[in-house]
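Asks: What follows is a structure written as structure tokens; I'll ask about it next.
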Amino acid sequence: MTLDQLIQWDQHATLWLNNLGNTTWDPFWLMLSDVKFWYPAYVILAVFLFKELGWKKGLAVLLSCILMVVCVDQSCNAVKDSVERLRPCYNSWMIAHGIRLPYGITGHLFGFFSGHAANTFGLASASYLGFRLNNPGHKYRIYGICVFIWAALVAGSRIIMGAHFLGDIVVGACFGTAVGSLIACLTHYLIVKAKL
């Protein structure tokens, strides 16, 4: 598959997914996209980390999640500025072929790769592995399922809003998962070394 074919496939897949949205569900997708809506959930996650892992390990994992967000966010912005791929809401082909923009044009000009997808999948990976690696007596299966479904819904909301192509989401999710997993493993190594 050539790069042009991949871009065409990405455009068509994004258009199809975007057009699955409707006015009934648009407020729900907008809410999922709003970072501020999730602040209470982040506080609950921090409390849960301390409760499950104790204050030392909990703090180490919490700091690793914060570090992950900073690393992913800065990487995402650097890639967006260097790749300069227009978001679907700015892409003339997408607009001509009927992309839904339920709340108008959203975000900065460039969208590759998705910061929402990278951050949510990164947080899901870092926190889930933070629990699993540092409290091996528990599997945290329900938490893992819930946090990755949450990440997928938040990432998917960006397609419904017309803010990202499917490819932006997939690359962001993979990048976030990789960075989150790496930071979680490094944090676990430091926790073991420091005998926390």
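So you can find residues: chains in the structure tokens are A, B, ... in the order shown, residues in each start at 1, and ligands are numbered from 1 in order.
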Can you pull out every residue within 10 Å of Arg141 of chain A, counting only C-alpha atoms, but drop anything in the same chain fewer than 4 positions away, and send it as a JSON list (two decimals) with N, CA, C and O atoms, in the first residue's frame?
Replies:
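Contents of out-v9.json, freshly written:
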[["chain", "number", "residue", "atom", "x", "y", "z"],
["A", 128, "TYR", "N", -2.56, 1.46, 34.98],
["A", 128, "TYR", "CA", -2.86, 0.03, 35.07],
["A", 128, "TYR", "C", -1.61, -0.78, 35.43],
["A", 128, "TYR", "O", -1.63, -1.61, 36.35],
["A", 132, "ARG", "N", -0.64, -3.03, 38.69],
["A", 132, "ARG", "CA", -0.29, -4.45, 38.52],
["A", 132, "ARG", "C", 1.13, -4.77, 38.98],
["A", 132, "ARG", "O", 1.36, -5.78, 39.65],
["A", 145, "ILE", "N", -9.97, -3.01, 32.21],
["A", 145, "ILE", "CA", -11.02, -2.98, 31.18],
["A", 145, "ILE", "C", -11.65, -1.59, 31.13],
["A", 145, "ILE", "O", -11.79, -0.99, 30.05],
["A", 146, "CYS", "N", -12.01, -1.07, 32.30],
["A", 146, "CYS", "CA", -12.70, 0.23, 32.36],
["A", 146, "CYS", "C", -11.82, 1.36, 31.85],
["A", 146, "CYS", "O", -12.27, 2.21, 31.08],
["A", 147, "VAL", "N", -10.54, 1.38, 32.25],
["A", 147, "VAL", "CA", -9.68, 2.51, 31.89],
["A", 147, "VAL", "C", -9.34, 2.49, 30.40],
["A", 147, "VAL", "O", -9.23, 3.55, 29.76]]
Asks: Could you list, as a PyMOL selection string, every residue within 8 Å of Val171 of chain A, counting only C-alpha atoms and ignoring same-chain residues fewer than 5 positions away?
Replies: chain A and resi 113-114+118
Asks: Selection from above, C-alpha atoms, as a CSV table (one decimal), in the first residue's frame, can you write it?
Replies:
chain,number,residue,atom,x,y,z
A,113,PHE,CA,-1.0,12.7,16.1
A,114,SER,CA,-3.9,13.0,18.6
A,118,ALA,CA,-1.9,9.6,23.4
Asks: In Å, with one decimal, what is the gap from atom CA of Ser82 of chain A to atom CA of Leu153 of chain A?
Replies: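 Taking atom CA of Ser82 of chain A as the start and atom CA of Leu153 of chain A as the end point, the length is 27.2 Å.
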Asks: Neighbouring residues of Cys65 of chain A were defined as those with any atom within 12 Å, considering only C-alpha atoms; residues of the same chain fewer than 5 positions away were excluded. Please report them as a PyMOL selection string.
Replies: chain A and resi 42+45-46+49+58-60+70-72+119-131+176-177+179-187
Asks: From the set A:Ala173, A:Leu30, A:Val79, A:Leu166, which residue has the shortest atom-to-atom contact distance to Tyr103 of chain A, counting only C-alpha atoms?
Replies: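 Among the listed residues, A:Leu30 lies closest to Tyr103 of chain A.
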Asks: Nearest residue to Ala194 of chain A out of A:Met68, A:Lys56, A:Lys80, A:Ala13, using only C-alpha atoms?
Replies: A:Lys56
Asks: Just the residues within 9 Å of Arg87 of chain A, please, counting only C-alpha atoms, with nothing from its chain fewer than 5 positions along; format it as a list in words.
Replies: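 Everything that qualifies: Thr106, Gly107, His108, Leu109, Phe110, Gly111, Phe112, Gly162, Ala163, His164 and Phe165 of chain A.
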Asks: At a cut-off of 7 Å, can you tabulate as a tab-separated table every residue of segment 46-135 of chain A near segment 16-27 of chain A together with its closest atom pair and the distance in Å to one decimal, using only C-alpha atoms and ordering rows by chain then number?
Replies:
residue	atom	partner	partner_atom	distance
A:Ile99	CA	A:Asn18	CA	6.7
A:Arg100	CA	A:Asn19	CA	6.3
A:Pro102	CA	A:Asp26	CA	6.9
Asks: Have a look at A:Ile105, A:Leu6, A:Leu133, A:Met161 and name the one nearest to Lys57 of chain A; count only C-alpha atoms.
Replies: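 When distances to Lys57 of chain A are compared using only C-alpha atoms, the smallest one comes from A:Leu133.
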Asks: Atom CA of Val154 of chain A and atom CA of Ser64 of chain A, how far apart in Å?
Replies: 21.2 Å
Asks: At what distance in Å, to one decimal, does atom CA of His188 of chain A lie from atom CA of Val61 of chain A?
Replies: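 A separation of 8.2 Å between them.
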Asks: To test your reading of the structure, identify every residue in segment 28-189 of chain A that backbone DSSP assigns to alpha helix (DSSP H), and report it as number ranges by chain.
Replies: A: 28-33, 39-83, 92-96, 115-134, 141-160, 166-189
Asks: Closest to Ile191 of chain A among A:Ser75, A:Leu53, A:Ile160, A:Pro88, using only C-alpha atoms?
Replies: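 Of A:Ser75, A:Leu53, A:Ile160, A:Pro88, the one nearest Ile191 of chain A, counting only C-alpha atoms, is A:Leu53.
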